[in-house]
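Pasted below: model-v3.tsv, TSV, C-alpha atoms and all ligand atoms.
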chain	number	residue	atom	x	y	z
E	26	MET	CA	23.50	28.23	-11.27
E	27	ASP	CA	22.43	24.66	-10.33
E	28	GLY	CA	21.65	22.31	-13.17
E	29	ILE	CA	18.08	21.12	-13.77
E	30	THR	CA	17.31	17.49	-14.61
E	31	ILE	CA	13.97	16.48	-16.14
E	32	ALA	CA	12.76	12.85	-16.26
E	33	LEU	CA	10.54	11.87	-19.20
E	34	SER	CA	9.44	8.57	-20.71
E	35	LYS	CA	9.70	8.26	-24.45
E	36	GLY	CA	6.60	7.95	-26.59
E	37	ARG	CA	3.46	9.92	-25.90
E	38	ILE	CA	4.68	11.66	-22.73
E	39	PHE	CA	7.92	12.88	-24.35
E	40	ASP	CA	6.07	13.97	-27.51
E	41	GLU	CA	3.30	15.83	-25.68
E	42	THR	CA	5.69	17.44	-23.18
E	43	LEU	CA	7.92	18.92	-25.91
E	44	PRO	CA	5.65	21.93	-26.64
E	45	LEU	CA	5.35	22.64	-22.90
E	46	LEU	CA	9.13	22.63	-22.47
E	47	ALA	CA	9.47	24.79	-25.57
E	48	ALA	CA	7.26	27.38	-23.88
E	49	ALA	CA	9.83	27.42	-21.06
E	50	GLY	CA	12.61	27.87	-23.64
E	51	ILE	CA	13.85	24.28	-23.31
E	52	GLU	CA	14.49	22.12	-26.41
E	53	PRO	CA	16.12	18.67	-26.24
E	54	LEU	CA	18.92	18.41	-28.81
E	55	GLU	CA	18.23	14.74	-29.59
E	56	ASN	CA	15.18	12.60	-30.22
E	57	PRO	CA	14.86	9.54	-27.93
E	58	GLU	CA	13.23	7.54	-30.76
E	59	SER	CA	16.41	7.73	-32.84
E	60	SER	CA	19.08	8.22	-30.19
E	61	ARG	CA	20.15	5.44	-27.82
E	62	ARG	CA	21.40	7.97	-25.30
E	63	LEU	CA	19.49	8.06	-22.04
E	64	ILE	CA	20.68	11.52	-21.04
E	65	LEU	CA	19.77	14.14	-23.62
E	66	PRO	CA	21.35	17.57	-23.66
E	67	THR	CA	19.12	20.56	-24.35
E	68	ASN	CA	19.62	24.01	-25.86
E	69	ARG	CA	20.10	25.25	-22.29
E	70	GLU	CA	23.53	24.35	-20.98
E	71	HIS	CA	22.31	23.60	-17.45
E	72	VAL	CA	19.18	21.63	-18.35
E	73	ARG	CA	19.19	17.92	-19.31
E	74	VAL	CA	16.54	15.29	-19.91
E	75	LEU	CA	16.69	11.70	-18.58
E	76	ILE	CA	14.84	9.07	-20.63
E	77	VAL	CA	13.24	6.61	-18.15
E	78	ARG	CA	10.50	3.99	-18.16
E	79	ALA	CA	7.09	5.58	-17.52
E	80	THR	CA	6.68	3.66	-14.26
E	81	ASP	CA	10.14	4.77	-13.06
E	82	THR	CA	9.58	8.53	-13.45
E	83	PRO	CA	8.22	9.08	-9.89
E	84	THR	CA	11.17	7.15	-8.46
E	85	TYR	CA	13.77	9.38	-10.16
E	86	VAL	CA	11.99	12.53	-8.99
E	87	GLN	CA	11.26	11.26	-5.47
E	88	TYR	CA	14.95	10.53	-4.82
E	89	GLY	CA	16.08	13.77	-6.43
E	90	ALA	CA	17.94	12.12	-9.33
E	91	ALA	CA	15.62	14.31	-11.40
E	92	ASP	CA	14.19	17.64	-10.25
E	93	LEU	CA	11.13	17.48	-12.49
E	94	GLY	CA	9.22	14.81	-14.35
E	95	VAL	CA	5.98	14.05	-16.13
E	96	ALA	CA	3.93	11.03	-15.05
E	97	GLY	CA	0.44	9.65	-15.66
E	98	LYS	CA	-2.10	9.75	-12.83
E	99	ASP	CA	-2.21	5.92	-13.15
E	100	VAL	CA	1.52	5.68	-12.46
E	101	LEU	CA	1.30	8.16	-9.56
E	102	LEU	CA	-1.61	6.34	-7.92
E	103	GLU	CA	0.22	3.01	-8.15
E	104	HIS	CA	3.57	4.41	-7.02
E	105	GLY	CA	2.36	6.76	-4.29
E	106	SER	CA	3.42	10.40	-4.11
E	107	ASP	CA	5.78	10.65	-1.12
E	108	GLY	CA	8.29	13.46	-1.63
E	109	LEU	CA	6.55	14.61	-4.80
E	110	TYR	CA	4.97	17.97	-5.36
E	111	GLN	CA	2.33	17.88	-8.14
E	112	PRO	CA	1.68	21.48	-9.09
E	113	ILE	CA	0.12	21.10	-12.55
E	114	ASP	CA	-2.22	18.69	-14.30
E	115	LEU	CA	-0.78	19.02	-17.81
E	116	GLY	CA	-3.87	17.53	-19.45
E	117	ILE	CA	-1.69	15.45	-21.81
E	118	ALA	CA	-1.59	11.69	-22.59
E	119	ARG	CA	-5.28	11.53	-21.76
E	120	CYS	CA	-7.10	8.22	-21.47
E	121	ARG	CA	-9.60	6.41	-19.25
E	122	MET	CA	-9.10	3.65	-16.66
E	123	MET	CA	-11.78	1.07	-17.45
E	124	VAL	CA	-13.01	-2.38	-16.51
E	125	ALA	CA	-13.32	-4.54	-19.64
E	126	VAL	CA	-14.70	-8.04	-20.26
E	127	PRO	CA	-15.11	-10.37	-23.25
E	128	ALA	CA	-18.03	-9.35	-25.49
E	129	GLY	CA	-20.96	-11.46	-24.32
E	130	PHE	CA	-19.94	-11.64	-20.65
E	131	ASP	CA	-22.71	-9.99	-18.62
E	132	TYR	CA	-20.61	-8.07	-16.11
E	133	GLN	CA	-23.51	-6.18	-14.48
E	134	SER	CA	-25.46	-9.33	-13.80
E	135	ALA	CA	-22.38	-11.16	-12.46
E	136	VAL	CA	-21.88	-8.22	-10.05
E	137	ARG	CA	-25.57	-8.20	-9.05
E	138	GLN	CA	-25.40	-11.91	-8.29
E	139	GLY	CA	-22.37	-11.33	-6.06
E	140	ALA	CA	-20.08	-13.49	-8.20
E	141	ARG	CA	-16.41	-13.53	-7.28
E	142	LEU	CA	-14.54	-12.19	-10.29
E	143	LYS	CA	-10.96	-12.84	-11.36
E	144	VAL	CA	-9.54	-9.52	-12.52
E	145	ALA	CA	-6.13	-9.13	-14.18
E	146	SER	CA	-4.34	-5.77	-14.14
E	147	LYS	CA	-1.10	-3.86	-13.96
E	148	TYR	CA	-2.96	-1.36	-11.71
E	149	LEU	CA	-3.65	-3.36	-8.55
E	150	ASN	CA	-4.05	-0.40	-6.17
E	151	ILE	CA	-6.53	1.36	-8.43
E	152	ALA	CA	-8.42	-1.89	-9.08
E	153	ARG	CA	-8.50	-2.87	-5.39
E	154	GLU	CA	-9.91	0.51	-4.35
E	155	HIS	CA	-12.45	0.58	-7.14
E	156	PHE	CA	-13.94	-2.85	-6.43
E	157	ALA	CA	-13.80	-2.37	-2.65
E	158	ALA	CA	-15.75	0.91	-2.95
E	159	LYS	CA	-18.40	-0.90	-5.02
E	160	GLY	CA	-18.48	-3.93	-2.73
E	161	VAL	CA	-17.54	-6.27	-5.60
E	162	HIS	CA	-15.62	-9.39	-4.63
E	163	VAL	CA	-12.51	-9.86	-6.74
E	164	ASP	CA	-9.36	-11.93	-6.91
E	165	LEU	CA	-6.72	-9.64	-8.40
E	166	ILE	CA	-4.01	-11.06	-10.65
E	167	LYS	CA	-0.93	-8.89	-11.26
E	168	LEU	CA	0.26	-8.55	-14.85
E	169	TYR	CA	2.95	-6.30	-16.31
E	170	GLY	CA	1.46	-5.79	-19.78
E	171	SER	CA	-0.90	-7.01	-22.49
E	172	MET	CA	-3.80	-7.29	-20.06
E	173	GLU	CA	-6.14	-7.82	-23.03
E	174	LEU	CA	-4.82	-11.34	-23.40
E	175	ALA	CA	-5.86	-12.50	-19.91
E	176	PRO	CA	-9.62	-13.03	-20.50
E	177	LEU	CA	-8.98	-14.53	-23.94
E	178	ALA	CA	-6.58	-17.10	-22.48
E	179	GLY	CA	-8.85	-17.94	-19.54
E	180	LEU	CA	-6.60	-16.34	-16.92
E	181	ALA	CA	-9.23	-13.80	-15.78
E	182	ASP	CA	-12.91	-12.83	-16.18
E	183	ALA	CA	-12.14	-9.13	-16.52
E	184	ILE	CA	-9.30	-6.65	-16.80
E	185	VAL	CA	-8.62	-3.15	-15.52
E	186	ASP	CA	-6.69	-1.22	-18.16
E	187	LEU	CA	-6.24	2.14	-19.85
E	188	VAL	CA	-8.33	2.82	-22.91
E	189	SER	CA	-7.71	5.61	-25.34
E	190	THR	CA	-9.18	4.99	-28.82
E	191	GLY	CA	-10.72	1.64	-27.81
E	192	SER	CA	-9.18	-0.12	-30.80
E	193	THR	CA	-7.07	-2.52	-28.70
E	194	LEU	CA	-10.16	-3.75	-26.84
E	195	LYS	CA	-12.08	-4.06	-30.08
E	196	ALA	CA	-9.32	-6.00	-31.84
E	197	ASN	CA	-9.42	-8.52	-28.98
E	198	ASN	CA	-13.21	-8.82	-28.79
E	199	LEU	CA	-13.42	-7.10	-25.41
E	200	VAL	CA	-15.81	-4.37	-24.30
E	201	ALA	CA	-15.40	-1.68	-21.66
E	202	CYS	CA	-18.12	-2.15	-19.04
E	203	GLU	CA	-17.20	0.32	-16.28
E	204	HIS	CA	-15.42	3.67	-16.15
E	205	ILE	CA	-13.09	3.96	-13.16
E	206	MET	CA	-11.48	7.38	-13.72
E	207	ASP	CA	-10.15	9.80	-16.31
E	208	ILE	CA	-6.36	9.85	-16.55
E	209	SER	CA	-3.96	12.56	-17.64
E	210	SER	CA	-0.32	13.32	-16.90
E	211	ARG	CA	0.97	15.65	-14.22
E	212	LEU	CA	4.12	17.62	-13.69
E	213	ILE	CA	5.92	16.26	-10.64
E	214	VAL	CA	8.63	18.11	-8.75
E	215	ASN	CA	11.09	16.96	-6.09
E	216	GLN	CA	10.07	18.77	-2.90
E	217	ALA	CA	13.60	19.54	-1.76
E	218	ALA	CA	14.60	20.83	-5.22
E	219	LEU	CA	11.60	23.12	-5.16
E	220	LYS	CA	13.20	24.94	-2.22
E	221	LEU	CA	16.90	24.59	-3.04
E	222	LYS	CA	16.59	25.35	-6.77
E	223	ARG	CA	13.66	27.70	-6.61
E	224	GLU	CA	15.36	30.40	-8.66
E	225	ALA	CA	15.93	28.08	-11.61
E	226	LEU	CA	12.68	26.09	-11.28
E	227	ALA	CA	10.12	28.85	-10.71
E	228	PRO	CA	10.33	30.35	-14.23
E	229	ILE	CA	10.09	26.87	-15.81
E	230	LEU	CA	6.99	26.00	-13.75
E	231	ALA	CA	5.43	29.38	-14.50
E	232	ALA	CA	6.02	29.06	-18.25
E	233	ILE	CA	4.53	25.55	-18.32
E	234	ALA	CA	1.53	26.63	-16.21
E	235	GLY	CA	1.05	29.50	-18.63
E	236	VAL	CA	0.55	27.25	-21.67
E	237	VAL	CA	-1.48	24.51	-19.99
E	238	GLN	CA	-5.23	24.80	-20.42
E	239	GLN	CA	-6.69	23.68	-17.11
Y	1	LIG	O1	4.74	1.12	-22.99
Y	1	LIG	P1	5.69	0.82	-21.83
Y	1	LIG	O2	5.59	-0.57	-21.33
Y	1	LIG	O3	7.09	1.31	-22.08
Y	1	LIG	O4	5.25	1.69	-20.59
Y	1	LIG	P2	3.90	2.41	-20.33
Y	1	LIG	O5	2.76	1.76	-21.05
Y	1	LIG	O6	3.78	2.59	-18.86
Y	1	LIG	O7	4.23	3.82	-20.98
Y	1	LIG	P3	3.52	4.58	-22.12
Y	1	LIG	O8	4.50	5.58	-22.63
Y	1	LIG	O9	2.87	3.64	-23.09
Y	1	LIG	O10	2.36	5.33	-21.35
Y	1	LIG	C1	2.67	6.44	-20.53
Y	1	LIG	C2	1.37	7.01	-19.98
Y	1	LIG	O11	0.51	7.40	-21.05
Y	1	LIG	C3	0.53	6.06	-19.15
Y	1	LIG	O12	1.01	5.99	-17.83
Y	1	LIG	C4	-0.85	6.71	-19.24
Y	1	LIG	O13	-1.01	7.69	-18.22
Y	1	LIG	C5	-0.82	7.42	-20.61
Y	1	LIG	N1	-1.65	6.79	-21.65
Y	1	LIG	C6	-2.54	7.45	-22.44
Y	1	LIG	C7	-1.68	5.49	-22.02
Y	1	LIG	C8	-2.63	5.38	-23.03
Y	1	LIG	N2	-3.14	6.61	-23.29
Y	1	LIG	C9	-2.89	4.07	-23.63
Y	1	LIG	N3	-3.74	3.95	-24.52
Y	1	LIG	N4	-0.99	4.41	-21.59
Y	1	LIG	C10	-1.21	3.21	-22.16
Y	1	LIG	N5	-2.14	3.00	-23.15
Y	1	LIG	C11	-2.25	1.60	-23.65
Y	1	LIG	C12	-3.28	0.77	-22.85
Y	1	LIG	O14	-2.67	0.20	-21.70
Y	1	LIG	C13	-3.72	-0.29	-23.86
Y	1	LIG	O15	-2.81	-1.36	-23.92
Y	1	LIG	O16	-2.70	1.56	-25.00
Y	1	LIG	C14	-3.63	0.47	-25.17
Y	1	LIG	C15	-5.02	0.97	-25.48
Y	1	LIG	O17	-5.00	1.99	-26.44
Y	1	LIG	P4	-6.24	2.16	-27.44
Y	1	LIG	O18	-5.96	3.44	-28.15
Y	1	LIG	O19	-6.23	0.97	-28.35
Y	1	LIG	O20	-7.50	2.23	-26.62
Y	2	MG	MG	2.64	1.46	-23.18
Show how you would write the structure in this file as structure tokens.
Ligand code: PRT
Ligand code: MG
Amino acid sequence: MDGITIALSKGRIFDETLPLLAAAGIEPLENPESSRRLILPTNREHVRVLIVRATDTPTYVQYGAADLGVAGKDVLLEHGSDGLYQPIDLGIARCRMMVAVPAGFDYQSAVRQGARLKVASKYLNIAREHFAAKGVHVDLIKLYGSMELAPLAGLADAIVDLVSTGSTLKANNLVACEHIMDISSRLIVNQAALKLKREALAPILAAIAGVVQQ
């Protein structure tokens, strides 16, 4: 039998994927929080887990270095989904893509007046499409993390970022002013592997689909 390689990022995606893999009879033998190994063996001799950065998961699966992976809709929209089959919305790692501004900044009135806004984000494709669809003029500034800092430091008027509990915004005196989309993570599968390794992959996909509440 061909081996199966699964790409996961550590943290919430790894943690929330564990019960889904368990339903398919797959249990990693090490915990990525305590192990420094990037390739984790599992209880199944022919199944292994690669620990990758969340934004790199689609790349590993697209090129076939991993057969399967789990990635946020945010990551997939930014990366594009060439060569990726996305059979299941797993409904895990849920959050919302939002526009946020400093408390006291009147976003709606700035938009009504046709102001040109400086918007900082890691999610330039999502932000560009959102503001274009609304006819809002923006200058987008690419950041790689800690977007919340940008308005506080005077780099931008607004940010586009993921919000889950809202406590990060609150701690930095920012407020969410527009909902862009709900985000959850999807199973992604290499399209060639789906054909070539169908016998090994089909039962795993079926078991995961069986425990996911759509
Ligand atoms: O953290 P790292 O730089 O390694 O990479 P990453 O942020 O891309 O990965 P990770 O593991 O943090 O996130 C993986 C996926 O989880 C993302 O692609 C999202 O689809 C999903 N997810 C769900 C989130 C959140 N919730 C979330 N709250 N990703 C990030 N956040 C961040 C957000 O960017 C903000 O900085 O958490 C902060 C806000 O959280 P609250 O709870 O304070 O609102
Ligand atoms: Mg993170």
- request: Could you pull out the residues sitting within 10 Å of ligand MG 2 (chain Y), using only C-alpha atoms and all ligand atoms, and write them as a list in words?
  value: Lys35, Gly36, Arg37, Arg78, Ala79, Gly170, Ser171 and Leu187 of chain E
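For the choices E:Asn56, E:Gln216, E:Ser106, E:Gln87, the atom-to-atom distance to Val74 of chain E is smallest for E:Asn56 when using all atoms listed in the file.
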May I have a table of the residues of chain E lying at most 7 Å from ligand LIG 1 (chain Y), giving each one's closest pair of atoms and their distance in Å to one decimal, counting only C-alpha atoms and all ligand atoms, ordered by chain and ascending residue number, as a Markdown table?
| residue | atom | partner | partner_atom | distance |
| --- | --- | --- | --- | --- |
| E:Ser34 | CA | Y:LIG1 | O8 | 6.1 |
| E:Lys35 | CA | Y:LIG1 | O8 | 6.1 |
| E:Gly36 | CA | Y:LIG1 | O8 | 5.1 |
| E:Arg37 | CA | Y:LIG1 | O8 | 5.5 |
| E:Ile38 | CA | Y:LIG1 | C1 | 6.0 |
| E:Arg78 | CA | Y:LIG1 | O3 | 5.8 |
| E:Ala79 | CA | Y:LIG1 | O6 | 4.7 |
| E:Thr80 | CA | Y:LIG1 | O6 | 5.5 |
| E:Ala96 | CA | Y:LIG1 | O12 | 6.5 |
| E:Gly97 | CA | Y:LIG1 | O13 | 3.5 |
| E:Lys98 | CA | Y:LIG1 | O13 | 5.9 |
| E:Asp99 | CA | Y:LIG1 | O13 | 5.5 |
| E:Val100 | CA | Y:LIG1 | O12 | 5.4 |
| E:Ala118 | CA | Y:LIG1 | C6 | 4.3 |
| E:Arg119 | CA | Y:LIG1 | C6 | 5.0 |
| E:Cys120 | CA | Y:LIG1 | N2 | 4.6 |
| E:Gly170 | CA | Y:LIG1 | O2 | 6.8 |
| E:Ser171 | CA | Y:LIG1 | O15 | 6.1 |
| E:Asp186 | CA | Y:LIG1 | O14 | 5.5 |
| E:Leu187 | CA | Y:LIG1 | C12 | 4.4 |
| E:Val188 | CA | Y:LIG1 | O20 | 3.8 |
| E:Ser189 | CA | Y:LIG1 | O20 | 3.6 |
| E:Thr190 | CA | Y:LIG1 | O18 | 3.6 |
| E:Gly191 | CA | Y:LIG1 | O20 | 3.5 |
| E:Ser192 | CA | Y:LIG1 | O19 | 4.0 |
| E:Thr193 | CA | Y:LIG1 | O19 | 3.6 |
| E:Leu194 | CA | Y:LIG1 | O19 | 6.3 |
| E:Ile208 | CA | Y:LIG1 | O13 | 6.0 |
| E:Ser209 | CA | Y:LIG1 | O13 | 5.7 |
| E:Ser210 | CA | Y:LIG1 | O13 | 5.8 |
Could you save those same residues with C-alpha atoms as a PDB file, in the coordinates of the input?
ATOM      1  CA  SER E  34       9.440   8.570 -20.710  1.00  0.00           C
ATOM      2  CA  LYS E  35       9.700   8.260 -24.450  1.00  0.00           C
ATOM      3  CA  GLY E  36       6.600   7.950 -26.590  1.00  0.00           C
ATOM      4  CA  ARG E  37       3.460   9.920 -25.900  1.00  0.00           C
ATOM      5  CA  ILE E  38       4.680  11.660 -22.730  1.00  0.00           C
ATOM      6  CA  ARG E  78      10.500   3.990 -18.160  1.00  0.00           C
ATOM      7  CA  ALA E  79       7.090   5.580 -17.520  1.00  0.00           C
ATOM      8  CA  THR E  80       6.680   3.660 -14.260  1.00  0.00           C
ATOM      9  CA  ALA E  96       3.930  11.030 -15.050  1.00  0.00           C
ATOM     10  CA  GLY E  97       0.440   9.650 -15.660  1.00  0.00           C
ATOM     11  CA  LYS E  98      -2.100   9.750 -12.830  1.00  0.00           C
ATOM     12  CA  ASP E  99      -2.210   5.920 -13.150  1.00  0.00           C
ATOM     13  CA  VAL E 100       1.520   5.680 -12.460  1.00  0.00           C
ATOM     14  CA  ALA E 118      -1.590  11.690 -22.590  1.00  0.00           C
ATOM     15  CA  ARG E 119      -5.280  11.530 -21.760  1.00  0.00           C
ATOM     16  CA  CYS E 120      -7.100   8.220 -21.470  1.00  0.00           C
ATOM     17  CA  GLY E 170       1.460  -5.790 -19.780  1.00  0.00           C
ATOM     18  CA  SER E 171      -0.900  -7.010 -22.490  1.00  0.00           C
ATOM     19  CA  ASP E 186      -6.690  -1.220 -18.160  1.00  0.00           C
ATOM     20  CA  LEU E 187      -6.240   2.140 -19.850  1.00  0.00           C
ATOM     21  CA  VAL E 188      -8.330   2.820 -22.910  1.00  0.00           C
ATOM     22  CA  SER E 189      -7.710   5.610 -25.340  1.00  0.00           C
ATOM     23  CA  THR E 190      -9.180   4.990 -28.820  1.00  0.00           C
ATOM     24  CA  GLY E 191     -10.720   1.640 -27.810  1.00  0.00           C
ATOM     25  CA  SER E 192      -9.180  -0.120 -30.800  1.00  0.00           C
ATOM     26  CA  THR E 193      -7.070  -2.520 -28.700  1.00  0.00           C
ATOM     27  CA  LEU E 194     -10.160  -3.750 -26.840  1.00  0.00           C
ATOM     28  CA  ILE E 208      -6.360   9.850 -16.550  1.00  0.00           C
ATOM     29  CA  SER E 209      -3.960  12.560 -17.640  1.00  0.00           C
ATOM     30  CA  SER E 210      -0.320  13.320 -16.900  1.00  0.00           C
TER      31      SER E 210
END
Given all atoms listed in the file as the counted atoms, nearest of E:Glu70, E:Gln111, E:Asp81, E:Val236 to Leu43 of chain E: E:Val236
query: From the list E:Ile213, E:Leu109, E:Ile29, E:Ile205, which residue is nearest Arg73 of chain E when using only C-alpha atoms?
result: E:Ile29
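Considering the residues E:Ala178, E:Leu221, E:Leu54, E:Val95 and counting all atoms listed in the file, Val72 of chain E has its shortest atom-to-atom contact with E:Leu54.
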- line: Restricting to all atoms listed in the file, whichever of E:Glu154, E:Asp40, E:Asp164, E:Asp207 is closest to Leu180 of chain E is E:Asp164
Return as JSON the centre and edge lengths, in Å with one decimal, of the box along x, y and z that encloses every atom of segment 101-112 of chain E in the file, padded by 5 Å per side.
{"center_x": 3.3, "center_y": 12.2, "center_z": -5.3, "size_x": 19.9, "size_y": 28.5, "size_z": 18.4}
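Checking E:Asp182, E:Asp92, E:Asp131, E:Asp107 one by one against Ala227 of chain E, counting all atoms listed in the file, you find the shortest gap at E:Asp92.
A straight line drawn from atom CA of Leu63 of chain E to atom CA of Val77 of chain E is 7.5 Å long.
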task: May I ask for the distance between atom CA of Ala145 of chain E and atom CA of Pro176 of chain E, given in Å to one decimal place?
output: 8.2 Å
Protein/DNA/RNA residues near (7.6, 30.0, -13.3), cut 12 Å, all atoms listed in the file, as a PDB file with C-alpha atoms, in the coordinates of the input:
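To be explicit, this is the file written out as result32.pdb:
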ATOM      1  CA  LEU E  46       9.130  22.630 -22.470  1.00  0.00           C
ATOM      2  CA  ALA E  48       7.260  27.380 -23.880  1.00  0.00           C
ATOM      3  CA  ALA E  49       9.830  27.420 -21.060  1.00  0.00           C
ATOM      4  CA  GLY E  50      12.610  27.870 -23.640  1.00  0.00           C
ATOM      5  CA  PRO E 112       1.680  21.480  -9.090  1.00  0.00           C
ATOM      6  CA  ILE E 113       0.120  21.100 -12.550  1.00  0.00           C
ATOM      7  CA  LEU E 219      11.600  23.120  -5.160  1.00  0.00           C
ATOM      8  CA  ARG E 223      13.660  27.700  -6.610  1.00  0.00           C
ATOM      9  CA  GLU E 224      15.360  30.400  -8.660  1.00  0.00           C
ATOM     10  CA  ALA E 225      15.930  28.080 -11.610  1.00  0.00           C
ATOM     11  CA  LEU E 226      12.680  26.090 -11.280  1.00  0.00           C
ATOM     12  CA  ALA E 227      10.120  28.850 -10.710  1.00  0.00           C
ATOM     13  CA  PRO E 228      10.330  30.350 -14.230  1.00  0.00           C
ATOM     14  CA  ILE E 229      10.090  26.870 -15.810  1.00  0.00           C
ATOM     15  CA  LEU E 230       6.990  26.000 -13.750  1.00  0.00           C
ATOM     16  CA  ALA E 231       5.430  29.380 -14.500  1.00  0.00           C
ATOM     17  CA  ALA E 232       6.020  29.060 -18.250  1.00  0.00           C
ATOM     18  CA  ILE E 233       4.530  25.550 -18.320  1.00  0.00           C
ATOM     19  CA  ALA E 234       1.530  26.630 -16.210  1.00  0.00           C
ATOM     20  CA  GLY E 235       1.050  29.500 -18.630  1.00  0.00           C
ATOM     21  CA  VAL E 236       0.550  27.250 -21.670  1.00  0.00           C
TER      22      VAL E 236
END
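Here atom CA of Gly28 of chain E stands at a distance of 10.7 Å from atom CA of Ala218 of chain E.
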Got a sec: who's within 12 Å of Cys202 of chain E, counting all atoms listed in the file, leaving out chain neighbours fewer than 4 positions off, as a PDB file with C-alpha atoms, in the coordinates of the input?
ATOM      1  CA  MET E 122      -9.100   3.650 -16.660  1.00  0.00           C
ATOM      2  CA  MET E 123     -11.780   1.070 -17.450  1.00  0.00           C
ATOM      3  CA  VAL E 124     -13.010  -2.380 -16.510  1.00  0.00           C
ATOM      4  CA  ALA E 125     -13.320  -4.540 -19.640  1.00  0.00           C
ATOM      5  CA  VAL E 126     -14.700  -8.040 -20.260  1.00  0.00           C
ATOM      6  CA  PRO E 127     -15.110 -10.370 -23.250  1.00  0.00           C
ATOM      7  CA  ALA E 128     -18.030  -9.350 -25.490  1.00  0.00           C
ATOM      8  CA  GLY E 129     -20.960 -11.460 -24.320  1.00  0.00           C
ATOM      9  CA  PHE E 130     -19.940 -11.640 -20.650  1.00  0.00           C
ATOM     10  CA  ASP E 131     -22.710  -9.990 -18.620  1.00  0.00           C
ATOM     11  CA  TYR E 132     -20.610  -8.070 -16.110  1.00  0.00           C
ATOM     12  CA  GLN E 133     -23.510  -6.180 -14.480  1.00  0.00           C
ATOM     13  CA  SER E 134     -25.460  -9.330 -13.800  1.00  0.00           C
ATOM     14  CA  ALA E 135     -22.380 -11.160 -12.460  1.00  0.00           C
ATOM     15  CA  VAL E 136     -21.880  -8.220 -10.050  1.00  0.00           C
ATOM     16  CA  ALA E 183     -12.140  -9.130 -16.520  1.00  0.00           C
ATOM     17  CA  ILE E 184      -9.300  -6.650 -16.800  1.00  0.00           C
ATOM     18  CA  VAL E 185      -8.620  -3.150 -15.520  1.00  0.00           C
ATOM     19  CA  ASP E 186      -6.690  -1.220 -18.160  1.00  0.00           C
ATOM     20  CA  VAL E 188      -8.330   2.820 -22.910  1.00  0.00           C
ATOM     21  CA  LEU E 194     -10.160  -3.750 -26.840  1.00  0.00           C
TER      22      LEU E 194
END
Excluding Arg141 of chain E and its own-chain neighbours fewer than 6 positions away, which residues fall within 8 Å of it when counting all atoms listed in the file? Please give them as a PDB file with C-alpha atoms, in the frame of the given file.
ATOM      1  CA  VAL E 161     -17.540  -6.270  -5.600  1.00  0.00           C
ATOM      2  CA  HIS E 162     -15.620  -9.390  -4.630  1.00  0.00           C
ATOM      3  CA  VAL E 163     -12.510  -9.860  -6.740  1.00  0.00           C
ATOM      4  CA  ASP E 164      -9.360 -11.930  -6.910  1.00  0.00           C
TER       5      ASP E 164
END
message: Need the shell around Lys167 of chain E: protein/DNA/RNA residues with any atom at most 8 Å away, counting all atoms listed in the file. Skip same-chain ones fewer than 2 positions apart. Format as a list in words?
response: Ala145, Ser146, Lys147, Tyr148, Leu149, Leu165 and Tyr169 of chain E
message: Can you pull out the residues contacting Leu65 of chain E? Cut-off 12 Å, using only C-alpha atoms, and skip same-chain residues under 2 positions away; I want them as an MDAnalysis selection string.
response: chainID E and resid 30:33 35 39 51:63 67:77
